[in-house]
>>> print(open('query.cif').read())   # mmCIF, C-alpha atoms
data_run
loop_
_atom_site.group_PDB
_atom_site.id
_atom_site.type_symbol
_atom_site.label_atom_id
_atom_site.label_comp_id
_atom_site.auth_asym_id
_atom_site.auth_seq_id
_atom_site.Cartn_x
_atom_site.Cartn_y
_atom_site.Cartn_z
ATOM 1 C CA MET U 107 -24.893 -14.469 29.155
ATOM 2 C CA GLN U 108 -22.819 -12.201 26.928
ATOM 3 C CA ILE U 109 -19.461 -11.219 28.393
ATOM 4 C CA ALA U 110 -19.147 -7.505 29.237
ATOM 5 C CA GLU U 111 -17.020 -5.517 26.786
ATOM 6 C CA THR U 112 -14.296 -4.764 29.341
ATOM 7 C CA ALA U 113 -14.051 -8.430 30.267
ATOM 8 C CA ARG U 114 -14.010 -9.419 26.584
ATOM 9 C CA ILE U 115 -11.136 -7.018 25.885
ATOM 10 C CA SER U 116 -9.252 -8.329 28.905
ATOM 11 C CA GLN U 117 -9.691 -11.947 27.832
ATOM 12 C CA LEU U 118 -8.695 -11.250 24.225
ATOM 13 C CA ASP U 119 -5.681 -9.271 25.405
ATOM 14 C CA LYS U 120 -4.622 -12.229 27.542
ATOM 15 C CA ILE U 121 -4.918 -14.608 24.601
ATOM 16 C CA LEU U 122 -2.954 -12.350 22.240
ATOM 17 C CA SER U 123 -0.259 -11.626 24.833
ATOM 18 C CA SER U 124 0.343 -15.305 25.553
ATOM 19 C CA ASN U 125 3.921 -16.564 25.218
ATOM 20 C CA ARG U 126 2.741 -19.977 24.069
ATOM 21 C CA GLY U 127 3.429 -19.196 20.458
ATOM 22 C CA PHE U 128 0.497 -19.424 18.045
ATOM 23 C CA ILE U 129 -2.871 -18.166 19.206
ATOM 24 C CA ASP U 130 -5.511 -20.750 20.093
ATOM 25 C CA LEU U 131 -8.283 -20.619 17.519
ATOM 26 C CA ILE U 132 -11.326 -21.372 19.711
ATOM 27 C CA PRO U 133 -10.673 -18.807 22.494
ATOM 28 C CA LEU U 134 -9.833 -16.126 19.940
ATOM 29 C CA LYS U 135 -13.048 -16.633 17.983
ATOM 30 C CA GLN U 136 -15.060 -16.814 21.214
ATOM 31 C CA TYR U 137 -14.035 -13.326 22.321
ATOM 32 C CA ASN U 138 -13.860 -11.592 18.959
ATOM 33 C CA THR U 139 -17.144 -10.037 17.817
ATOM 34 C CA GLY U 140 -15.765 -8.322 14.718
ATOM 35 C CA SER U 141 -18.361 -5.578 15.132
ATOM 36 C CA LEU U 142 -17.715 -1.976 14.088
ATOM 37 C CA GLY U 143 -16.382 0.033 17.009
ATOM 38 C CA THR U 144 -14.767 -2.937 18.723
ATOM 39 C CA MET U 145 -11.077 -2.448 19.410
ATOM 40 C CA THR U 146 -9.283 -4.120 16.494
ATOM 41 C CA ARG U 147 -6.192 -6.259 17.074
ATOM 42 C CA VAL U 148 -3.635 -6.220 14.259
ATOM 43 C CA ILE U 149 -1.304 -9.210 14.529
ATOM 44 C CA ILE U 150 1.820 -8.318 12.551
ATOM 45 C CA ASP U 151 4.328 -10.851 11.280
ATOM 46 C CA ARG U 152 7.743 -10.167 12.846
ATOM 47 C CA ASN U 153 9.389 -11.157 9.542
ATOM 48 C CA ALA U 154 7.335 -8.758 7.413
ATOM 49 C CA GLY U 155 9.355 -6.533 5.101
ATOM 50 C CA PHE U 156 12.578 -6.829 3.160
ATOM 51 C CA CYS U 157 14.216 -10.239 2.986
ATOM 52 C CA GLY U 158 18.000 -10.442 3.244
ATOM 53 C CA GLY U 159 18.570 -10.670 -0.512
ATOM 54 C CA VAL U 160 16.388 -7.676 -1.354
ATOM 55 C CA ARG U 161 17.845 -5.572 1.458
ATOM 56 C CA ARG U 162 21.340 -6.384 0.206
ATOM 57 C CA ALA U 163 20.406 -5.343 -3.355
ATOM 58 C CA ILE U 164 18.875 -2.052 -2.225
ATOM 59 C CA GLU U 165 21.707 -1.144 0.125
ATOM 60 C CA GLY U 166 24.278 -1.998 -2.541
ATOM 61 C CA THR U 167 22.479 0.194 -5.069
ATOM 62 C CA GLU U 168 22.188 3.060 -2.583
ATOM 63 C CA GLN U 169 25.931 2.891 -1.937
ATOM 64 C CA LEU U 170 26.576 3.023 -5.673
ATOM 65 C CA LEU U 171 24.309 6.060 -6.054
ATOM 66 C CA THR U 172 25.925 7.782 -3.084
ATOM 67 C CA SER U 173 29.384 7.370 -4.601
ATOM 68 C CA GLY U 174 28.230 9.622 -7.433
ATOM 69 C CA PRO U 175 28.457 9.238 -11.232
ATOM 70 C CA VAL U 176 31.690 8.482 -13.022
ATOM 71 C CA SER U 177 32.083 11.231 -15.674
ATOM 72 C CA SER U 178 28.912 11.013 -17.780
ATOM 73 C CA SER U 179 28.024 7.407 -16.911
ATOM 74 C CA ARG U 180 24.600 6.262 -15.768
ATOM 75 C CA THR U 181 23.738 3.970 -12.894
ATOM 76 C CA VAL U 182 21.218 1.495 -14.290
ATOM 77 C CA SER U 183 19.277 -1.492 -13.046
ATOM 78 C CA TYR U 184 18.738 -4.335 -15.495
ATOM 79 C CA GLY U 185 15.035 -4.834 -14.873
ATOM 80 C CA GLN U 186 13.095 -3.529 -11.892
ATOM 81 C CA LEU U 187 15.479 -3.733 -8.933
ATOM 82 C CA VAL U 188 12.718 -4.961 -6.613
ATOM 83 C CA HIS U 189 9.060 -5.630 -7.350
ATOM 84 C CA ASN U 190 7.818 -2.610 -5.453
ATOM 85 C CA ARG U 191 7.196 0.611 -7.339
ATOM 86 C CA GLU U 192 7.308 2.747 -4.176
ATOM 87 C CA VAL U 193 10.872 1.575 -3.498
ATOM 88 C CA THR U 194 12.079 1.883 -7.091
ATOM 89 C CA ASP U 195 10.561 5.359 -7.494
ATOM 90 C CA LYS U 196 12.706 6.583 -4.588
ATOM 91 C CA LEU U 197 15.827 5.083 -6.134
ATOM 92 C CA SER U 198 14.904 6.593 -9.490
ATOM 93 C CA ALA U 199 14.667 10.016 -7.852
ATOM 94 C CA ARG U 200 18.250 9.500 -6.648
ATOM 95 C CA GLY U 201 19.489 8.739 -10.163
ATOM 96 C CA LEU U 202 18.854 5.056 -10.857
ATOM 97 C CA THR U 203 17.737 4.309 -14.420
ATOM 98 C CA GLU U 204 15.775 1.133 -15.141
ATOM 99 C CA ILE U 205 16.369 -0.698 -18.418
ATOM 100 C CA ASP U 206 14.633 -3.757 -19.865
ATOM 101 C CA SER U 207 17.233 -4.760 -22.441
ATOM 102 C CA LEU U 208 21.001 -5.063 -22.331
ATOM 103 C CA LYS U 209 21.024 -3.698 -25.888
ATOM 104 C CA THR U 210 20.474 -0.237 -24.406
ATOM 105 C CA VAL U 211 23.528 -0.429 -22.114
ATOM 106 C CA ARG U 212 26.187 2.154 -22.932
ATOM 107 C CA ARG U 213 29.929 1.863 -22.517
ATOM 108 C CA GLY U 214 30.843 3.210 -19.092
ATOM 109 C CA ASP U 215 27.413 2.598 -17.548
ATOM 110 C CA ARG U 216 27.332 1.184 -14.033
ATOM 111 C CA VAL U 217 24.894 -1.719 -14.259
ATOM 112 C CA VAL U 218 23.282 -3.219 -11.174
ATOM 113 C CA ILE U 219 22.425 -6.927 -11.353
ATOM 114 C CA ARG U 220 19.388 -7.367 -9.128
ATOM 115 C CA ALA U 221 18.721 -10.101 -6.569
ATOM 116 C CA HIS U 222 17.066 -12.383 -9.167
ATOM 117 C CA GLY U 223 20.373 -12.741 -11.008
ATOM 118 C CA ILE U 224 20.991 -13.075 -14.747
ATOM 119 C CA SER U 225 21.880 -15.917 -17.085
ATOM 120 C CA PRO U 226 25.465 -16.624 -18.257
ATOM 121 C CA GLN U 227 24.433 -15.503 -21.736
ATOM 122 C CA GLU U 228 23.274 -12.139 -20.394
ATOM 123 C CA GLN U 229 26.470 -11.791 -18.356
ATOM 124 C CA ARG U 230 28.543 -12.263 -21.522
ATOM 125 C CA LEU U 231 26.530 -9.552 -23.304
ATOM 126 C CA LEU U 232 27.045 -7.242 -20.356
ATOM 127 C CA ASP U 233 30.790 -7.899 -20.276
ATOM 128 C CA ALA U 234 31.053 -7.176 -24.002
ATOM 129 C CA SER U 235 29.181 -3.869 -23.670
ATOM 130 C CA GLY U 236 32.010 -2.091 -21.913
ATOM 131 C CA ALA U 237 29.800 -1.333 -18.912
ATOM 132 C CA GLN U 238 30.804 -1.813 -15.292
ATOM 133 C CA SER U 239 28.611 -4.311 -13.453
ATOM 134 C CA THR U 240 27.813 -4.674 -9.757
ATOM 135 C CA ASP U 241 26.520 -8.160 -9.004
ATOM 136 C CA LEU U 242 23.844 -7.995 -6.280
ATOM 137 C CA THR U 243 22.366 -11.421 -6.980
ATOM 138 C CA CYS U 244 20.933 -12.976 -3.820
ATOM 139 C CA PRO U 245 23.524 -15.403 -2.366
ATOM 140 C CA ARG U 246 20.850 -18.104 -2.178
ATOM 141 C CA VAL U 247 20.110 -17.691 -5.879
ATOM 142 C CA LYS U 248 23.857 -17.892 -6.593
ATOM 143 C CA ARG U 249 23.939 -21.178 -4.705
ATOM 144 C CA ILE U 250 21.115 -22.534 -6.874
ATOM 145 C CA HIS U 251 23.077 -21.574 -9.995
ATOM 146 C CA ARG U 252 26.048 -23.585 -8.734
ATOM 147 C CA GLN U 253 23.804 -26.559 -7.949
ATOM 148 C CA ILE U 254 22.239 -26.397 -11.413
ATOM 149 C CA MET U 255 25.660 -26.442 -13.059
ATOM 150 C CA GLU U 256 26.756 -29.385 -10.907
ATOM 151 C CA LYS U 257 23.692 -31.437 -11.864
ATOM 152 C CA ARG U 258 24.083 -30.490 -15.497
ATOM 153 C CA LYS U 259 27.695 -31.737 -15.482
ATOM 154 C CA GLN U 260 26.445 -35.013 -13.982
ATOM 155 C CA GLY U 261 24.221 -35.515 -17.030
ATOM 156 C CA PHE U 262 20.882 -34.398 -15.595
ATOM 157 C CA ARG U 263 18.337 -32.465 -17.636
ATOM 158 C CA ILE U 264 17.384 -29.410 -15.577
ATOM 159 C CA VAL U 265 13.689 -28.831 -14.836
ATOM 160 C CA ILE U 266 12.554 -25.650 -13.076
ATOM 161 C CA ALA U 267 9.180 -25.571 -11.341
ATOM 162 C CA GLY U 268 7.943 -21.999 -11.610
ATOM 163 C CA ASP U 269 6.861 -19.112 -13.803
ATOM 164 C CA PRO U 270 8.750 -19.086 -17.135
ATOM 165 C CA ASN U 271 8.400 -15.292 -17.334
ATOM 166 C CA HIS U 272 9.922 -14.618 -13.921
ATOM 167 C CA PRO U 273 13.471 -13.172 -14.133
ATOM 168 C CA GLU U 274 14.825 -15.609 -11.541
ATOM 169 C CA VAL U 275 13.539 -18.580 -13.561
ATOM 170 C CA ARG U 276 14.988 -17.176 -16.794
ATOM 171 C CA ALA U 277 18.384 -16.970 -15.097
ATOM 172 C CA HIS U 278 18.088 -20.563 -13.840
ATOM 173 C CA ILE U 279 17.241 -21.756 -17.345
ATOM 174 C CA GLY U 280 20.323 -19.997 -18.674
ATOM 175 C CA TYR U 281 22.497 -22.017 -16.300
ATOM 176 C CA GLY U 282 20.537 -25.169 -17.127
ATOM 177 C CA GLY U 283 21.493 -25.075 -20.787
ATOM 178 C CA GLU U 284 19.575 -25.614 -24.015
ATOM 179 C CA ASN U 285 17.843 -28.771 -22.775
ATOM 180 C CA ALA U 286 16.485 -27.144 -19.595
ATOM 181 C CA LEU U 287 12.717 -26.919 -19.188
ATOM 182 C CA VAL U 288 10.236 -24.903 -17.129
ATOM 183 C CA VAL U 289 7.138 -26.608 -15.701
ATOM 184 C CA SER U 290 4.627 -24.117 -14.296
ATOM 185 C CA ASN U 291 1.885 -26.605 -13.345
ATOM 186 C CA THR U 292 1.105 -30.328 -13.192
ATOM 187 C CA ALA U 293 -0.454 -30.326 -16.654
ATOM 188 C CA GLU U 294 2.871 -29.324 -18.185
ATOM 189 C CA ALA U 295 4.738 -32.223 -16.575
ATOM 190 C CA GLY U 296 3.958 -34.330 -19.635
ATOM 191 C CA VAL U 297 6.274 -32.235 -21.852
ATOM 192 C CA VAL U 298 9.312 -33.555 -19.969
ATOM 193 C CA PRO U 299 10.827 -36.509 -21.873
ATOM 194 C CA VAL U 300 10.615 -39.802 -19.990
ATOM 195 C CA ALA U 301 14.042 -40.933 -21.181
ATOM 196 C CA GLY U 302 17.129 -39.890 -19.271
ATOM 197 C CA LYS U 303 17.440 -38.363 -15.808
ATOM 198 C CA ILE U 304 16.185 -35.043 -14.503
ATOM 199 C CA ALA U 305 17.059 -32.687 -11.626
ATOM 200 C CA VAL U 306 14.084 -30.637 -10.440
ATOM 201 C CA PHE U 307 14.555 -27.193 -8.884
ATOM 202 C CA ALA U 308 11.960 -24.709 -7.644
ATOM 203 C CA GLN U 309 11.585 -21.006 -8.231
ATOM 204 C CA THR U 310 12.418 -19.726 -4.748
ATOM 205 C CA THR U 311 9.060 -18.004 -4.221
ATOM 206 C CA ILE U 312 6.534 -20.702 -5.176
ATOM 207 C CA THR U 313 4.624 -22.485 -2.442
ATOM 208 C CA PRO U 314 5.771 -25.867 -1.098
ATOM 209 C CA GLN U 315 2.408 -27.314 -2.136
ATOM 210 C CA ALA U 316 2.810 -26.178 -5.747
ATOM 211 C CA PHE U 317 6.350 -27.561 -5.852
ATOM 212 C CA ALA U 318 5.283 -30.890 -4.329
ATOM 213 C CA GLU U 319 2.433 -31.263 -6.830
ATOM 214 C CA ILE U 320 4.739 -30.668 -9.790
ATOM 215 C CA VAL U 321 7.319 -33.087 -8.403
ATOM 216 C CA ASP U 322 4.644 -35.768 -7.969
ATOM 217 C CA ALA U 323 3.462 -35.217 -11.539
ATOM 218 C CA LEU U 324 7.030 -35.690 -12.795
ATOM 219 C CA ARG U 325 7.596 -39.007 -11.025
ATOM 220 C CA SER U 326 7.992 -41.989 -13.320
ATOM 221 C CA PRO U 327 9.162 -45.578 -12.686
ATOM 222 C CA VAL U 328 11.311 -45.435 -15.804
ATOM 223 C CA ARG U 329 13.029 -42.127 -15.077
ATOM 224 C CA GLU U 330 15.768 -41.189 -12.601
ATOM 225 C CA MET U 331 14.861 -37.991 -10.782
ATOM 226 C CA VAL U 332 16.527 -35.935 -8.056
ATOM 227 C CA VAL U 333 14.716 -33.084 -6.331
ATOM 228 C CA VAL U 334 16.660 -30.080 -5.059
ATOM 229 C CA ASP U 335 14.868 -28.042 -2.399
ATOM 230 C CA SER U 336 15.577 -24.523 -3.606
ATOM 231 C CA LEU U 337 12.636 -22.779 -1.909
ATOM 232 C CA CYS U 338 13.635 -19.624 -0.035
ATOM 233 C CA PRO U 339 13.342 -20.069 3.759
ATOM 234 C CA PHE U 340 12.486 -16.381 4.246
ATOM 235 C CA VAL U 341 9.577 -16.694 1.825
ATOM 236 C CA LEU U 342 8.491 -19.969 3.423
ATOM 237 C CA LYS U 343 8.350 -18.376 6.880
ATOM 238 C CA ARG U 344 5.897 -15.753 5.644
ATOM 239 C CA GLN U 345 3.806 -18.270 3.770
ATOM 240 C CA ARG U 346 3.527 -20.499 6.841
ATOM 241 C CA TRP U 347 2.817 -17.506 9.046
ATOM 242 C CA ILE U 348 -0.058 -16.200 6.935
ATOM 243 C CA GLU U 349 -1.433 -19.721 6.453
ATOM 244 C CA LYS U 350 -1.674 -20.079 10.227
ATOM 245 C CA PHE U 351 -2.776 -16.609 11.220
ATOM 246 C CA SER U 352 -5.239 -16.030 8.379
ATOM 247 C CA ARG U 353 -7.174 -18.986 9.791
ATOM 248 C CA LEU U 354 -7.219 -17.394 13.233
ATOM 249 C CA ALA U 355 -8.058 -13.829 12.253
ATOM 250 C CA ASP U 356 -11.211 -12.336 10.734
ATOM 251 C CA ALA U 357 -9.314 -10.789 7.825
ATOM 252 C CA SER U 358 -5.789 -10.550 6.428
ATOM 253 C CA LEU U 359 -3.799 -7.559 5.221
ATOM 254 C CA ILE U 360 -0.909 -8.097 2.795
ATOM 255 C CA LEU U 361 1.388 -5.207 1.931
ATOM 256 C CA GLY U 362 3.546 -5.417 -1.184
ATOM 257 C CA GLY U 363 3.965 -4.709 -4.883
ATOM 258 C CA ARG U 364 1.249 -5.880 -7.253
ATOM 259 C CA ASN U 365 3.839 -7.453 -9.550
ATOM 260 C CA SER U 366 5.672 -9.181 -6.700
ATOM 261 C CA SER U 367 5.468 -12.969 -7.046
ATOM 262 C CA ASN U 368 6.009 -13.703 -3.362
ATOM 263 C CA THR U 369 3.459 -11.045 -2.314
ATOM 264 C CA LEU U 370 0.801 -12.450 -4.626
ATOM 265 C CA LYS U 371 1.402 -15.909 -3.157
ATOM 266 C CA LEU U 372 0.738 -14.497 0.328
ATOM 267 C CA VAL U 373 -2.479 -12.881 -0.884
ATOM 268 C CA SER U 374 -3.607 -16.146 -2.469
ATOM 269 C CA ILE U 375 -2.917 -18.145 0.696
ATOM 270 C CA ALA U 376 -4.756 -15.640 2.886
ATOM 271 C CA ALA U 377 -7.719 -15.402 0.511
ATOM 272 C CA ASN U 378 -8.260 -19.156 0.813
ATOM 273 C CA ASN U 379 -8.914 -18.681 4.526
ATOM 274 C CA GLY U 380 -11.048 -15.526 4.558
ATOM 275 C CA PRO U 381 -11.191 -11.865 3.485
ATOM 276 C CA ALA U 382 -7.799 -10.664 2.253
ATOM 277 C CA PHE U 383 -6.797 -7.066 1.492
ATOM 278 C CA HIS U 384 -3.798 -6.348 -0.731
ATOM 279 C CA LEU U 385 -2.194 -2.907 -0.478
ATOM 280 C CA SER U 386 0.808 -1.764 -2.474
ATOM 281 C CA SER U 387 1.385 1.184 -0.118
ATOM 282 C CA ALA U 388 -0.044 2.964 2.914
ATOM 283 C CA ALA U 389 -1.773 5.412 0.562
ATOM 284 C CA GLU U 390 -4.293 2.695 -0.350
ATOM 285 C CA LEU U 391 -5.257 1.995 3.268
ATOM 286 C CA ASP U 392 -8.953 2.330 4.210
ATOM 287 C CA GLU U 393 -8.910 2.332 8.021
ATOM 288 C CA ARG U 394 -12.677 2.288 8.438
ATOM 289 C CA LYS U 395 -13.074 -0.802 6.282
ATOM 290 C CA LEU U 396 -10.364 -2.700 8.157
ATOM 291 C CA LEU U 397 -11.443 -1.603 11.631
ATOM 292 C CA ALA U 398 -14.769 -3.320 11.022
ATOM 293 C CA TYR U 399 -12.868 -6.555 11.743
ATOM 294 C CA GLY U 400 -11.938 -7.626 15.256
ATOM 295 C CA VAL U 401 -8.643 -9.358 14.474
ATOM 296 C CA ILE U 402 -6.450 -8.763 11.414
ATOM 297 C CA ALA U 403 -3.398 -10.795 10.404
ATOM 298 C CA MET U 404 -0.847 -8.635 8.595
ATOM 299 C CA THR U 405 2.336 -9.480 6.755
ATOM 300 C CA ALA U 406 4.313 -8.010 3.855
ATOM 301 C CA GLY U 407 6.156 -9.240 0.799
ATOM 302 C CA ALA U 408 9.938 -9.533 0.620
ATOM 303 C CA SER U 409 10.145 -6.350 -1.501
ATOM 304 C CA THR U 410 8.208 -4.200 0.965
ATOM 305 C CA SER U 411 10.166 -1.574 2.869
ATOM 306 C CA ASP U 412 10.206 -1.351 6.650
ATOM 307 C CA GLN U 413 9.027 2.238 6.253
ATOM 308 C CA SER U 414 5.889 1.127 4.369
ATOM 309 C CA VAL U 415 5.094 -1.409 7.083
ATOM 310 C CA ARG U 416 5.545 1.236 9.787
ATOM 311 C CA GLN U 417 3.330 3.714 7.942
ATOM 312 C CA VAL U 418 0.446 1.238 7.723
ATOM 313 C CA LEU U 419 0.796 0.211 11.357
ATOM 314 C CA GLU U 420 0.948 3.824 12.549
ATOM 315 C CA ARG U 421 -2.203 4.730 10.636
ATOM 316 C CA LEU U 422 -4.070 1.721 12.005
ATOM 317 C CA GLU U 423 -2.863 2.456 15.534
ATOM 318 C CA ASN U 424 -3.867 6.112 15.243
ATOM 319 C CA ALA U 425 -7.311 4.942 14.120
ATOM 320 C CA GLY U 426 -7.688 2.924 17.322
ATOM 321 C CA ALA U 427 -6.204 -0.491 16.537
ATOM 322 C CA ARG U 428 -3.906 -2.359 18.878
ATOM 323 C CA ILE U 429 -0.733 -3.801 17.370
ATOM 324 C CA GLU U 430 0.564 -7.235 18.395
ATOM 325 C CA ARG U 431 3.846 -8.536 16.968
ATOM 326 C CA ARG U 432 4.143 -12.289 16.425
#
>>> encode(input="query.cif", output="structure tokens")
Amino acid sequence: MQIAETARISQLDKILSSNRGFIDLIPLKQYNTGSLGTMTRVIIDRNAGFCGGVRRAIEGTEQLLTSGPVSSSRTVSYGQLVHNREVTDKLSARGLTEIDSLKTVRRGDRVVIRAHGISPQEQRLLDASGAQSTDLTCPRVKRIHRQIMEKRKQGFRIVIAGDPNHPEVRAHIGYGGENALVVSNTAEAGVVPVAGKIAVFAQTTITPQAFAEIVDALRSPVREMVVVDSLCPFVLKRQRWIEKFSRLADASLILGGRNSSNTLKLVSIAANNGPAFHLSSAAELDERKLLAYGVIAMTAGASTSDQSVRQVLERLENAGARIERR
């Protein structure tokens, strides 16, 4: 006999309110109908929103903008400060100029180095320009740079597992020297010379599975290899969260910039387990479409503001959803 709606809501509420940690899959699916008009539960990742490195970069830039311009100088960001256009548009309105090349830096400019960091070669160009620089590189990325230099001094060829076009990877390669290589997938592992010894690092935002696969492809009985775990723990938490909860829910909602590497990874993970919706801002939210699902797992990329997360949650709650933080 079908459980009455009030009893179903009570049972589902009990499951979602449990202090046991992760939700049990079978009871959740048993009581969720997913039908239109059913009260939707939105399970929100407690870690959703800015990571520590991004928050530090934004707050540092805001302080610089608040201090006001020095004579006729500009405050500029070398590259997009964070991969979220909503955030950067607000900073632009306050006076931040975004540049793509250090050749356009003027003497006296105040240049912000974003969380991804820059290569030593770029730092030398910046120093020679006569500009003032504010280094807001993520401390974890700085640590990777030091580790790369240590391994390089020990005679290791540096190999970075990641996207060669990502600014963080370009900075790593700069510290790795002229013999450093980027391997973006297992097929490219064959370009790494067998002779000598290699130290393998990861772009901080790739998945553990992708890193492990590349490492396995690089293994050779005739080559010495050390693997440095440089994956970002903040990113890993979100990836593990959405991997778990996207399996439990009927659909997933990922909030973050469309050019954000870590956000796109979250979307990819969620999409492997069911319907996944990617929004860059609350303006793209379609409440009716989402409220057709009984349980939604929601998280956000590391470049997504707390305000954006709140806006989405408020709109879903106003439309009748119940919010559960996990």
>>> atom_distance(input="query.cif", atom1="CA of Thr369 in chain U", atom2="CA of Leu342 in chain U")
11.7 Å
>>> atom_distance(input="query.cif", atom1="CA of Ala323 in chain U", atom2="CA of Asp335 in chain U")
16.3 Å
>>> residues_around(input="query.cif", residues="Ile360 in chain U", least_positions_apart="3", cutoff="7 Å", atoms="all atoms listed in the file", output="ChimeraX atom specification")
/U:373,383-385,404-406
>>> closest_atom_pairs(input="query.cif", of="range 142-181 of chain U", to="range 420-425 of chain U", cutoff="10 Å", atoms="all atoms listed in the file", output="tab-separated table")
residue	atom	partner	partner_atom	distance
U:Met145	CA	U:Ala425	CA	9.8
U:Thr146	CA	U:Leu422	CA	9.0
U:Arg147	CA	U:Glu423	CA	9.5
U:Val148	CA	U:Leu422	CA	8.3
>>> write_last_selection(input="query.cif", atoms="C-alpha atoms", output="JSON list (two decimals), in the frame of the given file")
[["chain", "number", "residue", "atom", "x", "y", "z"],
["U", 145, "MET", "CA", -11.08, -2.45, 19.41],
["U", 146, "THR", "CA", -9.28, -4.12, 16.49],
["U", 147, "ARG", "CA", -6.19, -6.26, 17.07],
["U", 148, "VAL", "CA", -3.64, -6.22, 14.26]]
>>> resolve_selection(input="query.cif", expression="the PyMOL selection byres ((chain U and resi 298) around 9)", output="JSON, numbers by chain")
{"U": [265, 287, 289, 294, 295, 296, 297, 299, 300, 301, 304, 324]}
